[in-house]
$ cat entry.cif   # mmCIF, C-alpha atoms
data_run
#
loop_
_atom_site.group_PDB
_atom_site.id
_atom_site.type_symbol
_atom_site.label_atom_id
_atom_site.label_comp_id
_atom_site.auth_asym_id
_atom_site.auth_seq_id
_atom_site.Cartn_x
_atom_site.Cartn_y
_atom_site.Cartn_z
ATOM 1 C CA MET K 272 29.332 -31.831 21.580
ATOM 2 C CA THR K 273 32.455 -29.729 21.549
ATOM 3 C CA PRO K 274 33.685 -27.914 18.446
ATOM 4 C CA GLN K 275 36.788 -30.131 18.300
ATOM 5 C CA ARG K 276 34.663 -33.259 18.366
ATOM 6 C CA ARG K 277 32.457 -31.906 15.545
ATOM 7 C CA HIS K 278 35.548 -31.063 13.513
ATOM 8 C CA GLN K 279 36.868 -34.609 13.941
ATOM 9 C CA THR K 280 33.521 -36.043 12.923
ATOM 10 C CA LEU K 281 33.436 -33.939 9.780
ATOM 11 C CA LYS K 282 37.014 -34.993 8.909
ATOM 12 C CA MET K 283 36.050 -38.642 9.286
ATOM 13 C CA ALA K 284 33.017 -38.106 7.075
ATOM 14 C CA ASP K 285 35.170 -36.439 4.402
ATOM 15 C CA LYS K 286 37.716 -39.283 4.404
ATOM 16 C CA LYS K 287 35.165 -42.059 4.101
ATOM 17 C CA GLY K 288 32.823 -40.219 1.759
ATOM 18 C CA ASN K 289 29.762 -41.369 3.675
ATOM 19 C CA VAL K 290 28.502 -41.342 7.255
ATOM 20 C CA SER K 291 26.885 -44.202 9.113
ATOM 21 C CA SER K 292 23.164 -43.993 9.734
ATOM 22 C CA SER K 293 23.614 -43.714 13.530
ATOM 23 C CA ARG K 294 26.022 -40.811 13.051
ATOM 24 C CA LYS K 295 23.571 -39.114 10.677
ATOM 25 C CA HIS K 296 20.841 -39.580 13.275
ATOM 26 C CA THR K 297 22.905 -37.989 16.060
ATOM 27 C CA LEU K 298 23.908 -35.052 13.827
ATOM 28 C CA LYS K 299 20.303 -34.525 12.799
ATOM 29 C CA SER K 300 19.102 -34.594 16.420
ATOM 30 C CA CYS K 301 21.801 -32.051 17.408
ATOM 31 C CA MET K 302 20.750 -29.748 14.563
ATOM 32 C CA LEU K 303 17.092 -30.037 15.562
ATOM 33 C CA ALA K 304 17.913 -29.240 19.209
ATOM 34 C CA VAL K 305 19.834 -26.107 18.191
ATOM 35 C CA ALA K 306 17.017 -25.036 15.860
ATOM 36 C CA LYS K 307 14.449 -25.576 18.643
ATOM 37 C CA ASP K 308 16.476 -23.380 21.018
ATOM 38 C CA LEU K 309 16.737 -20.647 18.369
ATOM 39 C CA LEU K 310 12.986 -20.726 17.709
ATOM 40 C CA GLU K 311 12.184 -20.486 21.426
ATOM 41 C CA ALA K 312 14.558 -17.536 21.823
ATOM 42 C CA GLU K 313 12.939 -15.822 18.819
ATOM 43 C CA ALA K 314 9.457 -16.346 20.267
ATOM 44 C CA LEU K 315 10.544 -14.821 23.616
ATOM 45 C CA GLU K 316 12.053 -11.847 21.785
ATOM 46 C CA LYS K 317 8.766 -11.277 19.911
ATOM 47 C CA VAL K 318 6.805 -11.333 23.197
ATOM 48 C CA LYS K 319 9.184 -8.810 24.773
ATOM 49 C CA GLU K 320 9.011 -6.568 21.724
ATOM 50 C CA ARG K 321 5.191 -6.684 21.772
ATOM 51 C CA GLU K 322 5.127 -5.747 25.467
ATOM 52 C CA ARG K 323 7.579 -2.882 24.877
ATOM 53 C CA TYR K 324 5.468 -1.547 21.982
ATOM 54 C CA MET K 325 2.290 -1.715 24.078
ATOM 55 C CA ASP K 326 3.999 0.154 26.952
ATOM 56 C CA GLU K 327 5.169 2.907 24.589
ATOM 57 C CA ASN K 328 1.985 3.363 22.571
ATOM 58 C CA CYS K 329 -0.736 2.337 25.028
ATOM 59 C CA PRO K 330 -0.184 3.860 28.476
ATOM 60 C CA LEU K 331 -2.376 2.804 31.364
ATOM 61 C CA LEU K 332 -5.812 4.330 31.233
ATOM 62 C CA GLU K 333 -6.648 6.695 34.068
ATOM 63 C CA ILE K 334 -10.351 7.428 34.141
ATOM 64 C CA PRO K 335 -10.996 11.044 35.187
ATOM 65 C CA HIS K 336 -13.781 11.954 37.596
ATOM 66 C CA SER K 337 -14.996 15.188 36.008
ATOM 67 C CA LYS K 338 -17.093 15.467 32.879
ATOM 68 C CA ASP K 339 -14.710 17.877 31.083
ATOM 69 C CA ASP K 340 -11.710 15.613 31.666
ATOM 70 C CA LEU K 341 -13.698 12.653 30.419
ATOM 71 C CA VAL K 342 -14.657 14.522 27.207
ATOM 72 C CA ASP K 343 -10.997 15.464 26.660
ATOM 73 C CA LEU K 344 -9.960 11.824 27.125
ATOM 74 C CA CYS K 345 -12.594 10.671 24.610
ATOM 75 C CA THR K 346 -11.448 13.188 21.992
ATOM 76 C CA LYS K 347 -7.819 12.139 22.470
ATOM 77 C CA LEU K 348 -8.744 8.459 22.100
ATOM 78 C CA TYR K 349 -10.834 9.265 19.020
ATOM 79 C CA ASP K 350 -7.915 11.120 17.437
ATOM 80 C CA LYS K 351 -5.551 8.200 18.192
ATOM 81 C CA ILE K 352 -8.049 5.757 16.668
ATOM 82 C CA ASN K 353 -8.215 7.877 13.504
ATOM 83 C CA VAL K 354 -4.413 7.985 13.214
ATOM 84 C CA ILE K 355 -4.176 4.220 13.713
ATOM 85 C CA ASP K 356 -6.925 3.592 11.144
ATOM 86 C CA GLU K 357 -5.065 5.739 8.592
ATOM 87 C CA GLU K 358 -1.871 3.766 9.229
ATOM 88 C CA ARG K 359 -3.777 0.481 8.933
ATOM 89 C CA TYR K 360 -5.379 1.618 5.681
ATOM 90 C CA ASN K 361 -1.994 2.651 4.253
ATOM 91 C CA LEU K 362 -0.422 -0.656 5.246
ATOM 92 C CA GLU K 363 -3.316 -2.642 3.749
ATOM 93 C CA TYR K 364 -3.057 -0.635 0.534
ATOM 94 C CA LYS K 365 0.674 -1.271 0.322
ATOM 95 C CA ALA K 366 0.113 -4.985 0.996
ATOM 96 C CA VAL K 367 -2.504 -5.192 -1.765
ATOM 97 C CA MET K 368 -0.164 -3.373 -4.161
ATOM 98 C CA VAL K 369 2.649 -5.808 -3.372
ATOM 99 C CA CYS K 370 0.320 -8.802 -3.827
ATOM 100 C CA ASN K 371 -0.861 -7.460 -7.196
ATOM 101 C CA GLU K 372 2.726 -6.896 -8.268
ATOM 102 C CA VAL K 373 3.614 -10.458 -7.288
ATOM 103 C CA ILE K 374 0.651 -11.775 -9.276
ATOM 104 C CA ASP K 375 1.678 -9.714 -12.319
ATOM 105 C CA LEU K 376 5.257 -10.964 -12.081
ATOM 106 C CA ASN K 377 4.026 -14.570 -11.827
ATOM 107 C CA ILE K 378 1.915 -14.038 -14.938
ATOM 108 C CA LYS K 379 4.934 -12.628 -16.776
ATOM 109 C CA ILE K 380 7.019 -15.626 -15.701
ATOM 110 C CA VAL K 381 4.371 -18.040 -16.964
ATOM 111 C CA ASP K 382 4.158 -16.102 -20.240
ATOM 112 C CA MET K 383 7.926 -16.210 -20.686
ATOM 113 C CA ARG K 384 8.039 -19.931 -19.986
ATOM 114 C CA GLY K 385 5.126 -20.606 -22.306
ATOM 115 C CA LYS K 386 6.747 -19.056 -25.373
ATOM 116 C CA PHE K 387 8.498 -21.798 -27.246
ATOM 117 C CA LYS K 388 8.576 -22.854 -30.840
ATOM 118 C CA LYS K 389 6.290 -25.688 -31.699
ATOM 119 C CA PRO K 390 8.091 -28.363 -33.656
ATOM 120 C CA ALA K 391 6.984 -29.016 -37.189
ATOM 121 C CA LEU K 392 4.871 -32.137 -37.186
ATOM 122 C CA LYS K 393 5.572 -34.796 -39.736
ATOM 123 C CA LYS K 394 2.739 -36.227 -41.763
ATOM 124 C CA VAL K 395 2.266 -39.879 -40.968
ATOM 125 C CA ARG K 396 0.273 -42.114 -43.214
ATOM 126 C CA MET K 397 -1.668 -44.730 -41.311
ATOM 127 C CA SER K 398 -4.282 -47.141 -42.394
ATOM 128 C CA ALA K 399 -7.537 -47.403 -40.501
ATOM 129 C CA ASP K 400 -6.365 -50.678 -38.970
ATOM 130 C CA ALA K 401 -3.094 -49.148 -37.755
ATOM 131 C CA MET K 402 -4.953 -46.155 -36.318
ATOM 132 C CA LEU K 403 -7.406 -48.368 -34.426
ATOM 133 C CA GLN K 404 -4.516 -50.521 -33.231
ATOM 134 C CA ALA K 405 -2.742 -47.397 -31.911
ATOM 135 C CA LEU K 406 -5.879 -46.084 -30.215
ATOM 136 C CA LEU K 407 -7.262 -49.296 -28.782
ATOM 137 C CA GLY K 408 -4.082 -51.242 -28.239
ATOM 138 C CA SER K 409 -4.326 -55.015 -28.149
ATOM 139 C CA LYS K 410 -8.144 -54.926 -27.907
ATOM 140 C CA HIS K 411 -8.476 -54.262 -31.629
ATOM 141 C CA LYS K 412 -8.453 -57.510 -33.583
ATOM 142 C CA VAL K 413 -10.963 -56.892 -36.386
ATOM 143 C CA THR K 414 -9.671 -55.487 -39.646
ATOM 144 C CA MET K 415 -11.773 -52.847 -41.284
ATOM 145 C CA ASP K 416 -11.996 -51.953 -44.900
ATOM 146 C CA LEU K 417 -13.613 -48.539 -44.879
ATOM 147 C CA ARG K 418 -14.048 -48.383 -48.637
ATOM 148 C CA SER K 419 -16.205 -51.507 -48.676
ATOM 149 C CA ASN K 420 -18.667 -49.888 -46.281
ATOM 150 C CA LEU K 421 -19.229 -46.871 -48.504
ATOM 151 C CA LYS K 422 -22.629 -46.534 -50.151
ATOM 152 C CA GLN K 423 -22.750 -46.876 -53.922
ATOM 153 C CA VAL K 424 -24.393 -43.892 -55.616
ATOM 154 C CA LYS K 425 -25.764 -43.992 -59.132
ATOM 155 C CA LYS K 426 -25.413 -40.782 -61.065
ATOM 156 C CA ASP K 427 -28.676 -39.756 -62.731
ATOM 157 C CA GLU K 428 -28.570 -37.170 -65.449
ATOM 158 C CA LYS K 429 -31.337 -34.657 -65.156
ATOM 159 C CA LYS K 430 -32.970 -33.155 -68.202
ATOM 160 C CA GLU K 431 -32.268 -29.603 -67.000
ATOM 161 C CA ASP K 432 -28.551 -30.316 -66.709
ATOM 162 C CA LYS K 433 -28.546 -31.687 -70.220
ATOM 163 C CA ASP K 434 -30.333 -28.606 -71.561
ATOM 164 C CA LEU K 435 -27.834 -26.322 -69.875
ATOM 165 C CA ARG K 436 -24.942 -28.177 -71.419
ATOM 166 C CA ASP K 437 -26.472 -28.090 -74.882
ATOM 167 C CA VAL K 438 -26.737 -24.328 -75.179
ATOM 168 C CA GLY K 439 -25.749 -24.356 -78.772
ATOM 169 C CA ASP K 440 -23.500 -22.101 -80.783
ATOM 170 C CA TRP K 441 -22.414 -19.090 -78.735
ATOM 171 C CA ARG K 442 -21.955 -16.960 -81.871
ATOM 172 C CA LYS K 443 -25.637 -17.223 -82.659
ATOM 173 C CA ASN K 444 -26.563 -15.944 -79.174
ATOM 174 C CA ILE K 445 -24.180 -12.999 -79.549
ATOM 175 C CA ASP K 446 -25.590 -12.080 -82.966
ATOM 176 C CA ASP K 447 -29.156 -12.168 -81.637
ATOM 177 C CA LYS K 448 -28.304 -9.806 -78.802
ATOM 178 C CA ALA K 449 -26.165 -7.411 -80.846
ATOM 179 C CA GLY K 450 -27.339 -3.845 -81.415
ATOM 180 C CA MET K 451 -30.284 -2.057 -79.868
ATOM 181 C CA ASP K 452 -32.788 -4.661 -80.935
ATOM 182 C CA GLY K 453 -30.934 -7.367 -79.058
ATOM 183 C CA ARG K 454 -30.720 -5.268 -75.916
ATOM 184 C CA LYS K 455 -34.434 -4.529 -76.080
ATOM 185 C CA LYS K 456 -35.064 -8.240 -76.321
ATOM 186 C CA MET K 457 -32.879 -8.857 -73.272
ATOM 187 C CA PHE K 458 -34.815 -6.375 -71.152
ATOM 188 C CA GLN K 459 -38.236 -7.181 -72.483
ATOM 189 C CA GLY K 460 -37.730 -10.887 -72.194
ATOM 190 C CA ASP K 461 -38.828 -13.479 -74.664
ATOM 191 C CA SER K 462 -42.246 -12.345 -75.844
#

$ encode --input "entry.cif" --output "C-alpha cells"
Amino acid sequence: MTPQRRHQTLKMADKKGNVSSSRKHTLKSCMLAVAKDLLEAEALEKVKERERYMDENCPLLEIPHSKDDLVDLCTKLYDKINVIDEERYNLEYKAVMVCNEVIDLNIKIVDMRGKFKKPALKKVRMSADAMLQALLGSKHKVTMDLRSNLKQVKKDEKKEDKDLRDVGDWRKNIDDKAGMDGRKKMFQGDS
C-alpha cells in the first residue's frame, strides 16, 4: 500500500467517523505484517551481535603441544573465568538491588493507595425480623420475638445480703473504734 493510498484511507475514515470492518481487517493485517518484519529484523540483529561478541571475547582455541604452553593457557583461562565470574556476581547483585527497590516502591504505592478516611457509619436500628430478612433474603418467613424466648429468673434474697445491708447506725461503729481501745479491738479482732 502506497503512502498516498494510506493517506486517502485515513481521510475517508476521518470524514465518516468510522471504518468498515473489512477496512479495519486490512489495516490490522498490514500492521501485523510490518510488525512481523520488524521482529524478524531485530532477531537477526541480535544473532549478529552475539556472534560479534563471541568473536571479540572468545577467540579460537589453539591447543599447544608443550607442557609449559599448556600450563600458561590454563592459567590464562582461569584468570578469564575469574574476571567473568566477578562481572556476573556484580550484575546479579545489581539485578537483586533493582528488584528489591521495585518491591519497596510497589509497597509504598500500595500504602499510599490504602490510606483513605473511613466514612462515619450511621447507627441503624433494626429489629430481629428485619435483620434476618436482610441476611437470609426471601427465605426468612418466620417472625421471631426474642424477648419471649428469654428465661425468667426469680430473684432470691440471701440472708448474707440482708445482713450486709442492715449494718446499723454508722455513728455507733465509729464511736466503738475511736481512740486506742477501738484500734486495739480492730487488730485483735472480736474476742

$ atom_distance --input "entry.cif" --atom1 "atom CA of Pro330 of chain K" --atom2 "atom CA of Leu348 of chain K"
11.6 Å

$ atom_distance --input "entry.cif" --atom1 "atom CA of Leu362 of chain K" --atom2 "atom CA of Lys347 of chain K"
22.7 Å

$ residues_around --input "entry.cif" --residues "Leu332 of chain K" --least-positions-apart "3" --cutoff "10 Å" --atoms "only C-alpha atoms" --output "list in words"
Cys329, Pro335 and Leu344 of chain K

$ build_atoms --input "entry.cif" --residues "segment 381-403 of chain K" --atoms "N, CA and C atoms" --output "PDB file, in the coordinates of the input"
ATOM      1  N   VAL K 381       5.081 -16.972 -16.247  1.00  0.00           N
ATOM      2  CA  VAL K 381       4.371 -18.040 -16.964  1.00  0.00           C
ATOM      3  C   VAL K 381       4.361 -17.743 -18.458  1.00  0.00           C
ATOM      4  N   ASP K 382       4.148 -16.469 -18.824  1.00  0.00           N
ATOM      5  CA  ASP K 382       4.158 -16.102 -20.240  1.00  0.00           C
ATOM      6  C   ASP K 382       5.520 -16.356 -20.864  1.00  0.00           C
ATOM      7  N   MET K 383       6.585 -16.020 -20.130  1.00  0.00           N
ATOM      8  CA  MET K 383       7.926 -16.210 -20.686  1.00  0.00           C
ATOM      9  C   MET K 383       8.252 -17.691 -20.827  1.00  0.00           C
ATOM     10  N   ARG K 384       7.790 -18.489 -19.887  1.00  0.00           N
ATOM     11  CA  ARG K 384       8.039 -19.931 -19.986  1.00  0.00           C
ATOM     12  C   ARG K 384       7.230 -20.547 -21.109  1.00  0.00           C
ATOM     13  N   GLY K 385       6.031 -20.012 -21.338  1.00  0.00           N
ATOM     14  CA  GLY K 385       5.126 -20.606 -22.306  1.00  0.00           C
ATOM     15  C   GLY K 385       5.492 -20.333 -23.746  1.00  0.00           C
ATOM     16  N   LYS K 386       6.402 -19.388 -23.993  1.00  0.00           N
ATOM     17  CA  LYS K 386       6.747 -19.056 -25.373  1.00  0.00           C
ATOM     18  C   LYS K 386       7.869 -19.965 -25.859  1.00  0.00           C
ATOM     19  N   PHE K 387       7.503 -20.916 -26.645  1.00  0.00           N
ATOM     20  CA  PHE K 387       8.498 -21.798 -27.246  1.00  0.00           C
ATOM     21  C   PHE K 387       8.008 -22.162 -28.635  1.00  0.00           C
ATOM     22  N   LYS K 388       8.930 -22.508 -29.472  1.00  0.00           N
ATOM     23  CA  LYS K 388       8.576 -22.854 -30.840  1.00  0.00           C
ATOM     24  C   LYS K 388       7.993 -24.253 -30.878  1.00  0.00           C
ATOM     25  N   LYS K 389       6.888 -24.370 -31.538  1.00  0.00           N
ATOM     26  CA  LYS K 389       6.290 -25.688 -31.699  1.00  0.00           C
ATOM     27  C   LYS K 389       7.030 -26.410 -32.816  1.00  0.00           C
ATOM     28  N   PRO K 390       7.372 -27.638 -32.605  1.00  0.00           N
ATOM     29  CA  PRO K 390       8.091 -28.363 -33.656  1.00  0.00           C
ATOM     30  C   PRO K 390       7.169 -28.650 -34.833  1.00  0.00           C
ATOM     31  N   ALA K 391       7.750 -28.695 -35.996  1.00  0.00           N
ATOM     32  CA  ALA K 391       6.984 -29.016 -37.189  1.00  0.00           C
ATOM     33  C   ALA K 391       6.609 -30.492 -37.140  1.00  0.00           C
ATOM     34  N   LEU K 392       5.334 -30.751 -37.255  1.00  0.00           N
ATOM     35  CA  LEU K 392       4.871 -32.137 -37.186  1.00  0.00           C
ATOM     36  C   LEU K 392       5.016 -32.801 -38.549  1.00  0.00           C
ATOM     37  N   LYS K 393       5.420 -34.041 -38.499  1.00  0.00           N
ATOM     38  CA  LYS K 393       5.572 -34.796 -39.736  1.00  0.00           C
ATOM     39  C   LYS K 393       4.254 -35.486 -40.061  1.00  0.00           C
ATOM     40  N   LYS K 394       3.960 -35.560 -41.331  1.00  0.00           N
ATOM     41  CA  LYS K 394       2.739 -36.227 -41.763  1.00  0.00           C
ATOM     42  C   LYS K 394       2.977 -37.732 -41.772  1.00  0.00           C
ATOM     43  N   VAL K 395       2.124 -38.433 -41.069  1.00  0.00           N
ATOM     44  CA  VAL K 395       2.266 -39.879 -40.968  1.00  0.00           C
ATOM     45  C   VAL K 395       1.066 -40.516 -41.645  1.00  0.00           C
ATOM     46  N   ARG K 396       1.355 -41.415 -42.533  1.00  0.00           N
ATOM     47  CA  ARG K 396       0.273 -42.114 -43.214  1.00  0.00           C
ATOM     48  C   ARG K 396      -0.020 -43.394 -42.463  1.00  0.00           C
ATOM     49  N   MET K 397      -1.259 -43.529 -42.041  1.00  0.00           N
ATOM     50  CA  MET K 397      -1.668 -44.730 -41.311  1.00  0.00           C
ATOM     51  C   MET K 397      -2.942 -45.267 -41.933  1.00  0.00           C
ATOM     52  N   SER K 398      -3.039 -46.537 -41.950  1.00  0.00           N
ATOM     53  CA  SER K 398      -4.282 -47.141 -42.394  1.00  0.00           C
ATOM     54  C   SER K 398      -5.270 -47.115 -41.239  1.00  0.00           C
ATOM     55  N   ALA K 399      -6.512 -47.398 -41.546  1.00  0.00           N
ATOM     56  CA  ALA K 399      -7.537 -47.403 -40.501  1.00  0.00           C
ATOM     57  C   ALA K 399      -7.219 -48.481 -39.462  1.00  0.00           C
ATOM     58  N   ASP K 400      -6.708 -49.603 -39.909  1.00  0.00           N
ATOM     59  CA  ASP K 400      -6.365 -50.678 -38.970  1.00  0.00           C
ATOM     60  C   ASP K 400      -5.237 -50.245 -38.037  1.00  0.00           C
ATOM     61  N   ALA K 401      -4.215 -49.594 -38.589  1.00  0.00           N
ATOM     62  CA  ALA K 401      -3.094 -49.148 -37.755  1.00  0.00           C
ATOM     63  C   ALA K 401      -3.538 -48.082 -36.768  1.00  0.00           C
ATOM     64  N   MET K 402      -4.463 -47.204 -37.205  1.00  0.00           N
ATOM     65  CA  MET K 402      -4.953 -46.155 -36.318  1.00  0.00           C
ATOM     66  C   MET K 402      -5.758 -46.758 -35.167  1.00  0.00           C
ATOM     67  N   LEU K 403      -6.634 -47.702 -35.481  1.00  0.00           N
ATOM     68  CA  LEU K 403      -7.406 -48.368 -34.426  1.00  0.00           C
ATOM     69  C   LEU K 403      -6.494 -49.150 -33.491  1.00  0.00           C
TER      70      LEU K 403
END
